[in-house]
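**Student:** Could you have a look at this structure, given as structure tokens, before my questions?
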Amino acid sequence: MTLTILLAVTLLQGCFFTGKEAVNGGLRHEINEQKDVVYSFGTGPLNLDRLDDFMERKKGSQRIILYTVEGDPIFTEVRYRDNKLVVAYDSTEDAFGPKDTGTYTCRALEKSKGSTALKYTLTGCEGEYPEAALLWINYELSEQDDFGFVLKYGVNRKNEINTLKGKLVKDLQDGTTAEAAEFRLPQAKLQSIYRELVLAGYEQDKTLTEACNIKPAVSYELLVQMNGSERKFAWSECDQSADGKGMTVLAQHMISEVQEGEFYQALPETKGYYK
């Protein structure tokens, strides 16, 4: 899968950060996958929520690390100082690009979440370019060769959304199910679901559990196929880990997009309930 992230490396002169962050005039190169915002081609974004938290706090600092296609990290750190943002960059480990370090100042960091891209843009920057792309994530579905998924969910996973086989099954909760004929999702719905998959980092390894002490319990099983490869996940509503919660939010988004559509709306009402 090809995702496009543009990380601004604006070559402006200035003083470098000092202290424990500084290494040979640039930024420290140890990567903390718990605290740093990280993007690697092939695995998607990690810890995007930390960048959102940083924007909301309007204090402190946040590092963003972009791995190039070749696997080399480019480091950027943004820090609030005197109601402005000081941006430090370090590309000295990029074997195929300019090996530079430097800092520049901007007035604000803005976020824009569109249907095909998520953009974090620095604005009011000094120098020749008033705006700089801090982190842009492209999730344009039309750029992919193929995409499909199967989501089974509910008690005993009797509900099924299957775009690979054009299958939609609803658990009527009375021992029977109903199935929609010739099910398909509009492109806009597929685009929305693909966006949330990318932002959830579905290509990353997830630590999930199906164990649950609730009876009856809701559980999930998700298969995603993309460009000839596939990813599989299984978990239950009892999984309250960060990965478990994130995957449940993702599944609920997928379910909501389908339940709003005409195929699901045409299915019979639920007849019973689990107890």
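Ordered as shown in the structure tokens, chains take letters A, B, and onward, while each chain numbers its residues from 1 and ligands are numbered from 1 in the order shown.
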Excluding segment 78-90 of chain A and any residue of its chain fewer than 3 positions from it, enumerate the residues within 6 Å of it, using only C-alpha atoms, and give them as a PyMOL selection string.

**Tutor:** chain A and resi 26+59-62+75+100-107

**Student:** Can I get the selection written as an mmCIF file, in the first residue's frame, with C-alpha atoms?

**Tutor:**
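Written file, result_35.cif:
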data_model
loop_
_atom_site.group_PDB
_atom_site.id
_atom_site.type_symbol
_atom_site.label_atom_id
_atom_site.label_comp_id
_atom_site.auth_asym_id
_atom_site.auth_seq_id
_atom_site.Cartn_x
_atom_site.Cartn_y
_atom_site.Cartn_z
ATOM 1 C CA GLY A 26 20.475 18.282 15.793
ATOM 2 C CA LYS A 59 2.503 23.900 25.744
ATOM 3 C CA GLY A 60 5.445 21.539 25.898
ATOM 4 C CA SER A 61 6.844 19.746 22.853
ATOM 5 C CA GLN A 62 6.116 16.853 20.507
ATOM 6 C CA PHE A 75 13.140 13.900 12.929
ATOM 7 C CA ASP A 100 20.426 19.085 7.367
ATOM 8 C CA THR A 101 19.502 20.398 10.813
ATOM 9 C CA GLY A 102 17.901 23.703 11.682
ATOM 10 C CA THR A 103 15.045 25.571 13.332
ATOM 11 C CA TYR A 104 12.368 28.042 12.311
ATOM 12 C CA THR A 105 9.375 29.692 13.975
ATOM 13 C CA CYS A 106 5.656 29.579 13.111
ATOM 14 C CA ARG A 107 2.588 31.145 14.691
#

**Student:** Run DSSP on the backbone and grab whatever in segment 142-199 of chain A lands in alpha helix (DSSP H); send it over as a ChimeraX atom specification.

**Tutor:** /A:187-199

**Student:** When you count only C-alpha atoms, which of these residues is closest to Glu140 of chain A: A:Ala180, A:Leu197, A:Leu164, A:Leu185?

**Tutor:**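 Nearest to Glu140 of chain A: A:Leu197.
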
**Student:** Find, counting only C-alpha atoms, the residue in A:Tyr274, A:Phe54, A:Ala242, A:Ala132 that gets nearest to Asp36 of chain A.

**Tutor:**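 For Asp36 of chain A, the nearest of the candidates is A:Phe54.
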
**Student:** Could you check the closest approach to Ile161 of chain A for each of A:Thr68, A:Thr207, A:Gln34, A:Gln259 and tell me which residue wins, using only C-alpha atoms?

**Tutor:**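 Using only C-alpha atoms, Ile161 of chain A sits closest to A:Gln259.
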
**Student:** With only C-alpha atoms as the atoms that count, which of A:Asp205, A:Glu93, A:Glu126, A:Glu257 lies nearest to Leu46 of chain A?

**Tutor:** A:Asp205

**Student:** Which one is closest to Thr248 of chain A: A:Asn227, A:Asn162, A:Thr209, A:Thr43? Count only C-alpha atoms.

**Tutor:**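 The closest residue to Thr248 of chain A is A:Thr209.
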
**Student:** Find the residues around Gly148 of chain A up to 10 Å (only C-alpha atoms counted), leave out those fewer than 4 positions away in its own chain, and share them as a PyMOL selection string.

**Tutor:** chain A and resi 162-166+190+194+223-227+230

**Student:** Excluding Glu70 of chain A and any residue of its chain fewer than 3 positions from it, enumerate the residues within 9 Å of it, using only C-alpha atoms, and give them as a CSV table (one decimal) with N, CA and C atoms, in the first residue's frame.

**Tutor:**
chain,number,residue,atom,x,y,z
A,41,PHE,N,6.4,3.8,6.2
A,41,PHE,CA,5.8,3.3,5.0
A,41,PHE,C,5.5,1.8,5.2
A,67,TYR,N,9.7,7.9,8.6
A,67,TYR,CA,10.6,7.0,8.0
A,67,TYR,C,10.4,7.1,6.5
A,94,ASP,N,19.0,10.5,6.9
A,94,ASP,CA,18.4,10.2,5.6
A,94,ASP,C,19.6,10.0,4.6
A,95,ALA,N,19.8,8.7,4.2
A,95,ALA,CA,20.9,8.4,3.3
A,95,ALA,C,20.7,9.0,1.9
A,96,PHE,N,19.5,9.3,1.5
A,96,PHE,CA,19.2,9.6,0.1
A,96,PHE,C,18.8,11.1,0.0

**Student:** Do you have the atom CA of Pro45 of chain A-atom CA of Ala251 of chain A distance handy?

**Tutor:** 18.3 Å

**Student:** Please provide as a list in words all residues within 12 Å of Ser241 of chain A, with the sequence filter that same-chain residues fewer than 5 positions apart are discarded (counting only C-alpha atoms).

**Tutor:**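 With the cut-off at 12 Å, the set is Lys206, Thr207, Leu208, Thr209, Glu210, Trp235, Ser236, Gly246, Met247 and Thr248 of chain A.
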
**Student:** Give me every strand (DSSP E or B) residue in segment 93-145 of chain A, going by DSSP on the backbone, as a list in words.

**Tutor:**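 Everything in segment 93-145 of chain A that counts as strand (DSSP E or B) is Thr101, Gly102, Thr103, Tyr104, Thr105, Cys106, Ala108, Leu109, Glu110, Lys111, Ser112, Lys113, Ala117, Leu118, Lys119, Tyr120, Thr121, Leu122, Thr123, Ala132, Ala133, Leu134, Leu135, Trp136, Ile137 and Asn138 of chain A.
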
**Student:** Please list as an MDAnalysis selection string every residue within 10 Å of Gly261 of chain A, counting only C-alpha atoms and excluding residues in the same chain fewer than 6 positions away.

**Tutor:** chainID A and resid 184:186 189

**Student:** Produce a file of the selected residues containing N, CA, C and O atoms, as a compact mmCIF listing (two decimals), in the first residue's frame.

**Tutor:**
# COMPACT_ATOMS: atom_id res chain seq x y z
N ARG A 184 -23.74 -4.14 -1.72
CA ARG A 184 -22.55 -3.37 -2.12
C ARG A 184 -22.56 -2.04 -1.37
O ARG A 184 -23.61 -1.53 -0.98
N LEU A 185 -21.37 -1.51 -1.17
CA LEU A 185 -21.23 -0.24 -0.50
C LEU A 185 -20.87 0.85 -1.51
O LEU A 185 -20.02 0.64 -2.38
N PRO A 186 -21.50 2.03 -1.40
CA PRO A 186 -21.12 3.14 -2.28
C PRO A 186 -19.66 3.53 -2.07
O PRO A 186 -19.08 3.31 -1.00
N LYS A 189 -18.80 5.52 1.07
CA LYS A 189 -18.75 4.74 2.31
C LYS A 189 -17.44 3.97 2.40
O LYS A 189 -16.82 3.89 3.47

**Student:** What is the distance, in Å and to one decimal place, between atom CA of Glu143 of chain A and atom CA of Leu66 of chain A?

**Tutor:**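 Those two atoms sit 21.1 Å apart.
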
**Student:** Could you state the separation of atom CA of Asn159 of chain A and atom CA of Leu141 of chain A in Å, given to one decimal place?

**Tutor:**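 Straight-line distance from atom CA of Asn159 of chain A to atom CA of Leu141 of chain A works out to 25.3 Å.
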
**Student:** Measuring atom to atom with only C-alpha atoms, identify which of A:Gln191, A:Gln204, A:Thr76, A:Thr92 is nearest to Gln144 of chain A.

**Tutor:** A:Gln191
